[in-house]
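model.pdb follows (PDB, C-alpha atoms and all ligand atoms):
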```
ATOM      1  CA  MET G  71      -8.893  -5.997   7.803
ATOM      2  CA  THR G  72      -8.381  -7.993   4.598
ATOM      3  CA  SER G  73     -10.873  -7.269   1.808
ATOM      4  CA  SER G  74     -12.209 -10.082  -0.377
ATOM      5  CA  ILE G  75     -10.341  -8.626  -3.394
ATOM      6  CA  GLU G  76      -7.035  -8.898  -1.567
ATOM      7  CA  ARG G  77      -7.876 -12.403  -0.364
ATOM      8  CA  GLN G  78      -8.661 -13.513  -3.909
ATOM      9  CA  LEU G  79      -5.512 -11.939  -5.312
ATOM     10  CA  ASP G  80      -3.539 -13.362  -2.375
ATOM     11  CA  LEU G  81      -2.098  -9.931  -1.632
ATOM     12  CA  PRO G  82      -1.277  -8.626   1.843
ATOM     13  CA  SER G  83      -3.945  -6.406   3.375
ATOM     14  CA  VAL G  84      -3.536  -2.640   3.181
ATOM     15  CA  ASP G  85      -2.633  -2.700   6.897
ATOM     16  CA  GLU G  86       0.195  -5.166   6.271
ATOM     17  CA  ARG G  87       1.434  -3.208   3.268
ATOM     18  CA  HIS G  88       1.625   0.089   5.120
ATOM     19  CA  THR G  89       3.294  -0.641   8.377
ATOM     20  CA  ASP G  90       4.208   2.859   9.468
ATOM     21  CA  ARG G  91       2.502   6.197   9.697
ATOM     22  CA  ARG G  92       4.453   7.643   6.770
ATOM     23  CA  ASN G  93       2.889   5.010   4.543
ATOM     24  CA  TYR G  94       5.962   3.044   3.620
ATOM     25  CA  PRO G  95       4.960  -0.370   2.345
ATOM     26  CA  HIS G  96       6.383  -3.385   4.085
ATOM     27  CA  GLY G  97       9.493  -4.410   2.227
ATOM     28  CA  VAL G  98      13.261  -4.503   2.047
ATOM     29  CA  ALA G  99      15.585  -2.188   0.150
ATOM     30  CA  PHE G 100      19.254  -2.304  -0.711
ATOM     31  CA  MET G 101      21.274   0.898  -0.937
ATOM     32  CA  ASP G 102      24.820   2.010  -0.246
ATOM     33  CA  GLY G 103      25.803  -1.605   0.440
ATOM     34  CA  GLN G 104      23.140  -2.326   3.053
ATOM     35  CA  TYR G 105      19.775  -4.066   3.310
ATOM     36  CA  LEU G 106      17.218  -1.851   5.040
ATOM     37  CA  PRO G 107      13.506  -1.765   5.860
ATOM     38  CA  MET G 108      11.733   0.339   3.214
ATOM     39  CA  CYS G 109      11.122   3.178   5.667
ATOM     40  CA  GLU G 110      14.879   3.592   6.177
ATOM     41  CA  ALA G 111      15.882   3.614   2.491
ATOM     42  CA  LYS G 112      16.509   7.303   1.782
ATOM     43  CA  ILE G 113      18.584   9.150  -0.790
ATOM     44  CA  SER G 114      20.177  12.584  -0.656
ATOM     45  CA  VAL G 115      17.928  15.373  -1.911
ATOM     46  CA  LEU G 116      20.929  16.369  -4.045
ATOM     47  CA  ASP G 117      20.868  13.103  -6.027
ATOM     48  CA  TRP G 118      20.355  13.984  -9.699
ATOM     49  CA  GLY G 119      17.953  11.096  -9.917
ATOM     50  CA  LEU G 120      15.596  13.294  -7.894
ATOM     51  CA  LEU G 121      16.663  16.760  -9.054
ATOM     52  CA  HIS G 122      16.857  16.029 -12.798
ATOM     53  CA  SER G 123      15.048  12.694 -13.230
ATOM     54  CA  ASP G 124      18.528  11.533 -14.254
ATOM     55  CA  ALA G 125      17.986   7.854 -13.602
ATOM     56  CA  THR G 126      16.960   4.600 -15.158
ATOM     57  CA  TYR G 127      15.195   1.715 -13.512
ATOM     58  CA  ASP G 128      13.455  -1.549 -14.105
ATOM     59  CA  THR G 129      10.645  -3.328 -12.368
ATOM     60  CA  ALA G 130      10.376  -7.080 -12.259
ATOM     61  CA  HIS G 131       7.861  -9.135 -10.349
ATOM     62  CA  VAL G 132       7.851 -12.227  -8.211
ATOM     63  CA  TRP G 133       4.828 -14.496  -8.242
ATOM     64  CA  ASN G 134       4.528 -17.567  -6.004
ATOM     65  CA  GLY G 135       8.151 -17.144  -4.970
ATOM     66  CA  LYS G 136       9.564 -16.914  -8.499
ATOM     67  CA  PHE G 137      10.813 -13.992 -10.583
ATOM     68  CA  PHE G 138       9.122 -13.798 -13.996
ATOM     69  CA  ARG G 139      11.430 -13.255 -17.008
ATOM     70  CA  LEU G 140      14.128 -11.675 -14.849
ATOM     71  CA  ASP G 141      16.751 -11.925 -17.619
ATOM     72  CA  LEU G 142      14.741  -9.637 -19.902
ATOM     73  CA  HIS G 143      14.402  -7.023 -17.153
ATOM     74  CA  LEU G 144      18.142  -7.173 -16.449
ATOM     75  CA  ASP G 145      18.969  -6.852 -20.169
ATOM     76  CA  ARG G 146      16.806  -3.718 -20.432
ATOM     77  CA  PHE G 147      18.239  -2.256 -17.202
ATOM     78  CA  PHE G 148      21.868  -2.733 -18.287
ATOM     79  CA  GLN G 149      21.135  -1.336 -21.755
ATOM     80  CA  GLY G 150      19.612   1.777 -20.126
ATOM     81  CA  ILE G 151      22.645   2.258 -17.878
ATOM     82  CA  GLU G 152      24.948   2.027 -20.877
ATOM     83  CA  LYS G 153      22.903   4.443 -22.993
ATOM     84  CA  LEU G 154      22.910   6.988 -20.141
ATOM     85  CA  ARG G 155      26.682   6.529 -19.764
ATOM     86  CA  MET G 156      26.357   5.455 -16.178
ATOM     87  CA  LYS G 157      28.564   2.908 -14.419
ATOM     88  CA  LEU G 158      27.917   0.651 -11.483
ATOM     89  CA  PRO G 159      30.388  -1.302  -9.396
ATOM     90  CA  ASN G 160      27.882  -4.179  -9.345
ATOM     91  CA  ASP G 161      27.832  -6.705 -12.186
ATOM     92  CA  ARG G 162      24.797  -8.656 -13.353
ATOM     93  CA  GLU G 163      25.430 -11.555 -10.982
ATOM     94  CA  ASP G 164      25.695  -9.175  -7.970
ATOM     95  CA  ILE G 165      22.445  -7.512  -8.933
ATOM     96  CA  VAL G 166      20.606 -10.834  -9.266
ATOM     97  CA  SER G 167      21.856 -11.779  -5.819
ATOM     98  CA  ILE G 168      20.791  -8.400  -4.333
ATOM     99  CA  LEU G 169      17.324  -8.615  -5.877
ATOM    100  CA  LYS G 170      16.823 -12.176  -4.624
ATOM    101  CA  THR G 171      18.015 -11.171  -1.146
ATOM    102  CA  CYS G 172      15.617  -8.186  -0.997
ATOM    103  CA  VAL G 173      12.719 -10.507  -1.858
ATOM    104  CA  ALA G 174      13.862 -13.275   0.492
ATOM    105  CA  LEU G 175      14.318 -10.868   3.418
ATOM    106  CA  SER G 176      10.963  -9.210   2.731
ATOM    107  CA  GLY G 177       9.278 -12.610   2.859
ATOM    108  CA  HIS G 178       6.919 -11.569   0.034
ATOM    109  CA  LYS G 179       5.898 -14.447  -2.237
ATOM    110  CA  SER G 180       4.278 -11.955  -4.608
ATOM    111  CA  ALA G 181       6.432  -8.889  -4.959
ATOM    112  CA  TYR G 182       7.116  -5.829  -7.036
ATOM    113  CA  VAL G 183      10.898  -5.562  -7.328
ATOM    114  CA  GLU G 184      12.577  -2.421  -8.533
ATOM    115  CA  MET G 185      16.233  -1.874  -9.490
ATOM    116  CA  ILE G 186      17.327   1.743  -9.950
ATOM    117  CA  CYS G 187      20.476   3.468 -11.100
ATOM    118  CA  THR G 188      20.580   7.208 -10.417
ATOM    119  CA  ARG G 189      23.207   9.633 -11.645
ATOM    120  CA  GLY G 190      24.010  10.162  -7.956
ATOM    121  CA  THR G 191      25.963  13.196  -6.843
ATOM    122  CA  SER G 192      29.370  14.652  -7.532
ATOM    123  CA  PRO G 193      31.683  14.572  -4.506
ATOM    124  CA  THR G 194      32.707  18.176  -5.328
ATOM    125  CA  PHE G 195      29.160  19.338  -6.157
ATOM    126  CA  SER G 196      30.329  19.892  -9.723
ATOM    127  CA  ARG G 197      27.562  20.297 -12.315
ATOM    128  CA  ASP G 198      29.359  17.902 -14.662
ATOM    129  CA  PRO G 199      27.438  14.596 -14.848
ATOM    130  CA  ARG G 200      30.661  12.783 -15.746
ATOM    131  CA  GLN G 201      31.892  13.446 -12.233
ATOM    132  CA  ALA G 202      28.899  11.991 -10.465
ATOM    133  CA  GLU G 203      29.114   8.745  -8.549
ATOM    134  CA  ASN G 204      26.209   6.704  -9.797
ATOM    135  CA  ARG G 205      24.043   4.996  -7.216
ATOM    136  CA  PHE G 206      22.355   1.601  -7.268
ATOM    137  CA  ILE G 207      19.176   1.018  -5.279
ATOM    138  CA  ALA G 208      16.888  -2.009  -5.205
ATOM    139  CA  PHE G 209      13.757  -2.873  -3.280
ATOM    140  CA  ALA G 210      11.045  -5.486  -2.923
ATOM    141  CA  VAL G 211       7.543  -4.506  -1.814
ATOM    142  CA  PRO G 212       4.169  -6.278  -2.158
ATOM    143  CA  PHE G 213       2.980  -6.922  -5.721
ATOM    144  CA  GLY G 214       0.715  -4.202  -7.063
ATOM    145  CA  SER G 215      -1.442  -4.019 -10.167
ATOM    146  CA  VAL G 216      -2.660  -1.226 -12.455
ATOM    147  CA  ALA G 217      -6.095  -2.902 -12.434
ATOM    148  CA  ASN G 218      -7.766  -4.153  -9.276
ATOM    149  CA  LYS G 219      -9.742  -7.395  -9.052
ATOM    150  CA  GLU G 220     -13.040  -5.799 -10.107
ATOM    151  CA  GLN G 221     -11.412  -4.038 -13.082
ATOM    152  CA  MET G 222      -9.730  -7.310 -14.121
ATOM    153  CA  GLU G 223     -13.156  -8.941 -14.263
ATOM    154  CA  ARG G 224     -15.187  -6.209 -15.950
ATOM    155  CA  GLY G 225     -12.410  -4.459 -17.892
ATOM    156  CA  LEU G 226     -10.897  -1.031 -17.344
ATOM    157  CA  HIS G 227     -12.422   2.245 -18.475
ATOM    158  CA  VAL G 228      -9.782   4.211 -20.328
ATOM    159  CA  ALA G 229      -9.772   7.753 -21.727
ATOM    160  CA  ILE G 230      -7.603   8.952 -24.583
ATOM    161  CA  SER G 231      -5.888  12.145 -23.495
ATOM    162  CA  GLU G 232      -4.606  14.739 -25.967
ATOM    163  CA  THR G 233      -1.396  14.914 -23.950
ATOM    164  CA  VAL G 234       1.618  14.125 -26.123
ATOM    165  CA  ARG G 235       4.139  11.621 -24.746
ATOM    166  CA  ILE G 236       7.633  13.075 -24.567
ATOM    167  CA  PRO G 237       9.158  12.425 -28.029
ATOM    168  CA  PRO G 238      11.888   9.797 -28.490
ATOM    169  CA  LYS G 239      14.189  12.505 -29.857
ATOM    170  CA  SER G 240      14.003  14.145 -26.414
ATOM    171  CA  VAL G 241      14.064  11.069 -24.211
ATOM    172  CA  ASP G 242      14.789   7.596 -25.595
ATOM    173  CA  PRO G 243      11.768   5.555 -24.444
ATOM    174  CA  SER G 244      13.761   2.316 -24.573
ATOM    175  CA  ILE G 245      15.574   3.622 -21.471
ATOM    176  CA  LYS G 246      13.010   3.009 -18.750
ATOM    177  CA  ASN G 247      12.705   6.373 -17.033
ATOM    178  CA  TYR G 248      10.849   8.560 -14.571
ATOM    179  CA  HIS G 249       9.780  11.249 -17.089
ATOM    180  CA  TRP G 250       6.167  10.887 -16.097
ATOM    181  CA  LEU G 251       4.732  14.431 -16.081
ATOM    182  CA  ASP G 252       2.986  13.749 -19.406
ATOM    183  CA  LEU G 253       1.593  10.451 -18.123
ATOM    184  CA  VAL G 254       0.420  12.007 -14.859
ATOM    185  CA  LYS G 255      -1.254  14.832 -16.805
ATOM    186  CA  GLY G 256      -2.943  12.170 -18.952
ATOM    187  CA  LEU G 257      -4.148  10.446 -15.817
ATOM    188  CA  PHE G 258      -5.731  13.641 -14.472
ATOM    189  CA  ASP G 259      -7.359  14.214 -17.894
ATOM    190  CA  ALA G 260      -8.760  10.676 -17.668
ATOM    191  CA  TYR G 261     -10.158  11.236 -14.174
ATOM    192  CA  ASP G 262     -11.770  14.471 -15.406
ATOM    193  CA  MET G 263     -13.413  12.426 -18.185
ATOM    194  CA  GLY G 264     -14.731   9.880 -15.670
ATOM    195  CA  ALA G 265     -12.290   7.149 -16.709
ATOM    196  CA  GLU G 266      -9.936   5.053 -14.574
ATOM    197  CA  THR G 267      -6.744   5.432 -16.537
ATOM    198  CA  ALA G 268      -5.348   7.062 -19.650
ATOM    199  CA  LEU G 269      -3.726   6.563 -23.009
ATOM    200  CA  VAL G 270      -1.579   9.406 -24.329
ATOM    201  CA  VAL G 271      -0.627  10.071 -27.937
ATOM    202  CA  ASP G 272       2.649  10.465 -29.794
ATOM    203  CA  THR G 273       3.802  13.534 -31.735
ATOM    204  CA  SER G 274       1.734  12.451 -34.787
ATOM    205  CA  GLY G 275      -1.449  11.897 -32.796
ATOM    206  CA  HIS G 276      -1.145   8.103 -32.835
ATOM    207  CA  ILE G 277      -1.749   6.177 -29.643
ATOM    208  CA  ALA G 278       1.428   5.793 -27.555
ATOM    209  CA  GLU G 279       1.068   4.250 -24.101
ATOM    210  CA  GLY G 280      -0.323   4.891 -20.636
ATOM    211  CA  PRO G 281       0.956   5.506 -17.099
ATOM    212  CA  GLY G 282       2.966   2.333 -16.633
ATOM    213  CA  PHE G 283       1.600   0.219 -19.470
ATOM    214  CA  ASN G 284       1.554  -0.567 -23.193
ATOM    215  CA  VAL G 285      -1.662  -1.140 -25.134
ATOM    216  CA  PHE G 286      -2.868  -3.729 -27.678
ATOM    217  CA  ILE G 287      -5.950  -3.789 -29.861
ATOM    218  CA  ALA G 288      -7.456  -6.824 -31.606
ATOM    219  CA  LYS G 289      -9.504  -6.463 -34.809
ATOM    220  CA  GLY G 290     -10.640  -9.392 -36.957
ATOM    221  CA  GLY G 291      -8.328 -11.692 -34.976
ATOM    222  CA  TYR G 292      -5.206  -9.573 -35.586
ATOM    223  CA  LEU G 293      -3.390  -7.889 -32.738
ATOM    224  CA  ARG G 294      -1.556  -4.584 -32.966
ATOM    225  CA  THR G 295       0.411  -2.458 -30.529
ATOM    226  CA  PRO G 296       2.034   0.945 -31.109
ATOM    227  CA  ALA G 297       5.512   0.788 -32.582
ATOM    228  CA  PHE G 298       6.730   4.327 -31.969
ATOM    229  CA  GLY G 299       7.563   6.347 -28.866
ATOM    230  CA  VAL G 300       6.841   3.671 -26.286
ATOM    231  CA  LEU G 301       8.777   1.707 -23.728
ATOM    232  CA  PRO G 302       9.348  -1.765 -25.189
ATOM    233  CA  GLY G 303       7.574  -3.435 -22.277
ATOM    234  CA  ILE G 304       8.571  -6.913 -21.135
ATOM    235  CA  THR G 305       4.880  -7.824 -20.838
ATOM    236  CA  ARG G 306       4.320  -6.469 -24.377
ATOM    237  CA  ARG G 307       7.182  -8.693 -25.564
ATOM    238  CA  THR G 308       5.633 -11.584 -23.614
ATOM    239  CA  VAL G 309       2.338 -11.057 -25.463
ATOM    240  CA  PHE G 310       4.225 -11.519 -28.760
ATOM    241  CA  ASP G 311       5.757 -14.740 -27.415
ATOM    242  CA  LEU G 312       2.369 -16.001 -26.220
ATOM    243  CA  CYS G 313       0.747 -15.120 -29.565
ATOM    244  CA  ALA G 314       3.416 -17.158 -31.366
ATOM    245  CA  GLU G 315       2.561 -20.126 -29.135
ATOM    246  CA  LEU G 316      -1.176 -19.707 -29.667
ATOM    247  CA  GLY G 317      -0.888 -19.159 -33.431
ATOM    248  CA  LEU G 318      -2.214 -15.586 -33.169
ATOM    249  CA  SER G 319      -0.955 -12.792 -35.384
ATOM    250  CA  ALA G 320       0.501  -9.750 -33.585
ATOM    251  CA  MET G 321       2.432  -6.823 -34.984
ATOM    252  CA  THR G 322       3.654  -3.338 -34.116
ATOM    253  CA  ALA G 323       1.974  -0.528 -36.073
ATOM    254  CA  ASP G 324       0.693   3.033 -35.808
ATOM    255  CA  ILE G 325      -2.792   3.120 -34.287
ATOM    256  CA  ILE G 326      -5.131   6.102 -34.432
ATOM    257  CA  PRO G 327      -7.524   6.808 -31.528
ATOM    258  CA  ALA G 328     -10.606   5.811 -33.613
ATOM    259  CA  GLU G 329      -9.122   2.343 -34.178
ATOM    260  CA  VAL G 330      -8.907   1.762 -30.438
ATOM    261  CA  LYS G 331     -12.570   2.706 -30.000
ATOM    262  CA  GLN G 332     -13.629   0.457 -32.907
ATOM    263  CA  ALA G 333     -11.492  -2.524 -31.883
ATOM    264  CA  ASP G 334     -13.025  -5.921 -31.063
ATOM    265  CA  GLU G 335     -10.820  -6.143 -27.981
ATOM    266  CA  VAL G 336      -8.407  -3.849 -26.144
ATOM    267  CA  PHE G 337      -5.997  -4.717 -23.356
ATOM    268  CA  ILE G 338      -3.074  -3.096 -21.600
ATOM    269  CA  THR G 339       0.142  -4.766 -20.459
ATOM    270  CA  SER G 340       2.460  -4.116 -17.529
ATOM    271  CA  THR G 341       4.640  -5.939 -15.050
ATOM    272  CA  ALA G 342       2.227  -4.389 -12.546
ATOM    273  CA  GLY G 343      -0.765  -6.616 -13.349
ATOM    274  CA  GLY G 344       0.182  -8.516 -16.517
ATOM    275  CA  ILE G 345      -2.436  -8.472 -19.267
ATOM    276  CA  MET G 346      -5.408  -6.321 -18.251
ATOM    277  CA  PRO G 347      -8.661  -5.999 -20.203
ATOM    278  CA  VAL G 348     -10.195  -2.696 -21.336
ATOM    279  CA  THR G 349     -13.927  -2.628 -22.058
ATOM    280  CA  ARG G 350     -14.579   1.101 -22.432
ATOM    281  CA  VAL G 351     -12.546   3.757 -24.247
ATOM    282  CA  ASP G 352     -13.896   7.305 -23.870
ATOM    283  CA  GLU G 353     -17.613   6.922 -24.604
ATOM    284  CA  ALA G 354     -17.200   3.747 -26.715
ATOM    285  CA  THR G 355     -17.959   0.248 -25.479
ATOM    286  CA  ILE G 356     -15.372  -2.236 -26.725
ATOM    287  CA  GLY G 357     -16.822  -5.386 -28.366
ATOM    288  CA  ASN G 358     -19.804  -6.565 -26.341
ATOM    289  CA  GLY G 359     -18.575  -4.724 -23.247
ATOM    290  CA  ARG G 360     -17.127  -7.845 -21.669
ATOM    291  CA  VAL G 361     -13.573  -9.202 -21.546
ATOM    292  CA  GLY G 362     -12.843 -10.602 -25.017
ATOM    293  CA  ALA G 363     -11.938 -14.220 -25.875
ATOM    294  CA  ILE G 364      -8.428 -13.439 -27.170
ATOM    295  CA  THR G 365      -7.653 -11.320 -24.106
ATOM    296  CA  ARG G 366      -8.823 -14.143 -21.837
ATOM    297  CA  ARG G 367      -6.705 -16.788 -23.604
ATOM    298  CA  LEU G 368      -3.648 -14.561 -23.351
ATOM    299  CA  MET G 369      -4.308 -13.748 -19.690
ATOM    300  CA  ASP G 370      -4.671 -17.447 -18.829
ATOM    301  CA  LEU G 371      -1.494 -18.448 -20.653
ATOM    302  CA  TYR G 372       0.398 -15.492 -19.165
ATOM    303  CA  TRP G 373      -0.311 -16.674 -15.608
ATOM    304  CA  GLU G 374       0.310 -20.341 -16.519
ATOM    305  CA  LYS G 375       3.759 -19.347 -17.781
ATOM    306  CA  HIS G 376       4.706 -18.221 -14.274
ATOM    307  CA  ASN G 377       5.218 -21.929 -13.473
ATOM    308  CA  ASP G 378       7.422 -22.546 -16.517
ATOM    309  CA  SER G 379      11.046 -22.956 -15.376
ATOM    310  CA  ALA G 380      12.278 -21.452 -18.665
ATOM    311  CA  TRP G 381      10.588 -18.150 -17.751
ATOM    312  CA  SER G 382      11.033 -18.078 -13.986
ATOM    313  CA  THR G 383      13.771 -17.834 -11.381
ATOM    314  CA  GLU G 384      13.222 -19.245  -7.918
ATOM    315  CA  VAL G 385      13.812 -17.206  -4.752
ATOM    316  CA  ILE G 386      15.161 -19.122  -1.763
ATOM    317  CA  TYR G 387      13.510 -17.780   1.397
ATOM    318  CA  PRO G 388      15.220 -18.037   4.801
TER     319      PRO G 388
HETATM  320  N1  LIG A   1       5.244   1.947 -20.567
HETATM  321  C1  LIG A   1       5.678   2.654 -19.505
HETATM  322  C2  LIG A   1       5.815   4.126 -19.604
HETATM  323  C3  LIG A   1       5.984   1.994 -18.292
HETATM  324  O1  LIG A   1       6.425   2.703 -17.237
HETATM  325  C4  LIG A   1       5.805   0.592 -18.207
HETATM  326  C5  LIG A   1       6.107  -0.118 -16.974
HETATM  327  O2  LIG A   1       6.324   0.467 -15.927
HETATM  328  C6  LIG A   1       5.343  -0.099 -19.341
HETATM  329  C7  LIG A   1       5.091   0.606 -20.508
HETATM  330  C8  LIG A   1       5.159  -1.600 -19.311
HETATM  331  O3  LIG A   1       6.407  -2.255 -19.282
HETATM  332  P1  LIG A   1       6.612  -3.675 -18.641
HETATM  333  O4  LIG A   1       5.702  -4.603 -19.352
HETATM  334  O5  LIG A   1       8.051  -3.983 -18.872
HETATM  335  O6  LIG A   1       6.272  -3.557 -17.187
END
```

Mind turning the file's structure into structure tokens?
Ligand code: PLP
Amino acid sequence: MTSSIERQLDLPSVDERHTDRRNYPHGVAFMDGQYLPMCEAKISVLDWGLLHSDATYDTAHVWNGKFFRLDLHLDRFFQGIEKLRMKLPNDREDIVSILKTCVALSGHKSAYVEMICTRGTSPTFSRDPRQAENRFIAFAVPFGSVANKEQMERGLHVAISETVRIPPKSVDPSIKNYHWLDLVKGLFDAYDMGAETALVVDTSGHIAEGPGFNVFIAKGGYLRTPAFGVLPGITRRTVFDLCAELGLSAMTADIIPAEVKQADEVFITSTAGGIMPVTRVDEATIGNGRVGAITRRLMDLYWEKHNDSAWSTEVIYP
């Protein structure tokens, strides 16, 4: 059965997304040189991507049959691979072709598309990461969002957790990674506080980011987003580009928790959902409790930009 939310978002129904009893979403993956249904894409339990979180990845999205800002995702992915001293046999052009093929074969017009490079395994089971054969995996599954339709309309309820995001001196946050235990702990803290998602803090107690998103606040018409200890999100970068077009002022800066609660507007940003409003932080109502005017303008322009050929890459479906 398709719910009205899914119909309005033009997403496949839950039944279509989960086509087998092990809950694999409908989609197509590429690994070890082959295209496979999602339920057949499996890695060795010895892959260091699993055992040590020794991996980098990137997630792009396709909307109405077009990738959004694919070049920026590829730039970040290749920078991560280089910083982790990994090597792939595939060049950028190969990867673009693989990603497009995964989407085309999946048939999804709105898709969540992940590219992953794991450390892989060493053919001799050596513990030396230099001897590992790195592995490339890609997949396309239905588009998903941090915020559902109702939350997009009324704004998310967010809690600020005291959990500290892993410091940049331990793990470079510009390398998109699966070190999520802090974010998952933050999420459980948020649920315990009756909220829907979480913000965690950095080592100085400033706001960092949340499970899969960056955050912005607006005060007196000025926008700010944390500078330190966060993944430089592509959607965050897109907000800066949109602000430049709209004549809005946006900057990176340290933000203390009280400033989030006293902001005129708060929103979060992610490839999984775009620009998503926040109307409650802990016990505080943000602004008048409804989605703010700046947030709305940015959300509208963000989705309009999906039709701009300068920011999109067409998928050719069979
Ligand atoms: N921060 C973290 C920890 C993330 O995992 C993500 C996305 O998954 C983001 C921020 C948002 O980044 P982007 O806008 O590139 O999706």

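If all atoms listed in the file are the atoms counted, then among G:Ile245, G:Ala111, G:Ile230, G:Leu368 the closest residue to ligand LIG 1 (chain A) is G:Ile245.
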
Selection result for the PyMOL selection byres (((not hetatm)) within 6 of (chain A and resi 1)) on this file, as a PyMOL selection string:
chain G and resi 279+281-284+301+303-306+339-341

Interatomic distance (Å, one decimal) between CA of Glu203 in chain G and CA of Leu158 in chain G:
8.7 Å

Any idea what's packed within 12 Å of His249 in chain G, counting only C-alpha atoms, ignoring anything in its chain fewer than 2 positions away? Could you give it as a ChimeraX atom specification?
/G:119-127,235-238,240-243,245-247,251-255,281-282,301

Length of the CA of Leu371 in chain G to CA of Phe147 in chain G vector [Å]
25.8 Å

Let me make sure I understand: among G:Thr188, G:Gln149, G:Thr349, G:Ser196, which one has the smallest atom-to-atom distance to Ile113 in chain G if we use only C-alpha atoms?
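Result for the nearest residue to Ile113 in chain G: G:Thr188.
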
I need the residue set behind the PyMOL selection byres (((chain G and resi 228) around 9) and not hetatm) for this file; please write it as a PyMOL selection string.
chain G and resi 226-227+229-230+260+264-269+348-352

Using C-alpha atoms, can you export the residues from the last selection as a CSV table (one decimal), keeping the file's coordinate frame?
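What follows is the written file result-v7.csv:
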```csv
chain,number,residue,atom,x,y,z
G,226,LEU,CA,-10.9,-1.0,-17.3
G,227,HIS,CA,-12.4,2.2,-18.5
G,229,ALA,CA,-9.8,7.8,-21.7
G,230,ILE,CA,-7.6,9.0,-24.6
G,260,ALA,CA,-8.8,10.7,-17.7
G,264,GLY,CA,-14.7,9.9,-15.7
G,265,ALA,CA,-12.3,7.1,-16.7
G,266,GLU,CA,-9.9,5.1,-14.6
G,267,THR,CA,-6.7,5.4,-16.5
G,268,ALA,CA,-5.3,7.1,-19.6
G,269,LEU,CA,-3.7,6.6,-23.0
G,348,VAL,CA,-10.2,-2.7,-21.3
G,349,THR,CA,-13.9,-2.6,-22.1
G,350,ARG,CA,-14.6,1.1,-22.4
G,351,VAL,CA,-12.5,3.8,-24.2
G,352,ASP,CA,-13.9,7.3,-23.9
```

Near Tyr387 in chain G, within 12 Å and counting all atoms listed in the file, which residues show up once chain neighbours fewer than 6 positions away are dropped, as a list in words?
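Neighbouring residues, sequence-local ones excluded: Asn134, Gly135, Lys136, Lys170, Thr171, Cys172, Val173, Ala174, Leu175, Ser176, Gly177, His178 and Lys179 of chain G.
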
Kindly indicate which residue among G:Ser319, G:Ser192, G:Ala342, G:Ile356 lies nearest to Trp133 in chain G, using all atoms listed in the file for the distances.
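Looking at the shortest contact to Trp133 in chain G, the residue is G:Ala342.
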
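The space separating CA of Asp102 in chain G from CA of Pro159 in chain G comes to 11.2 Å.
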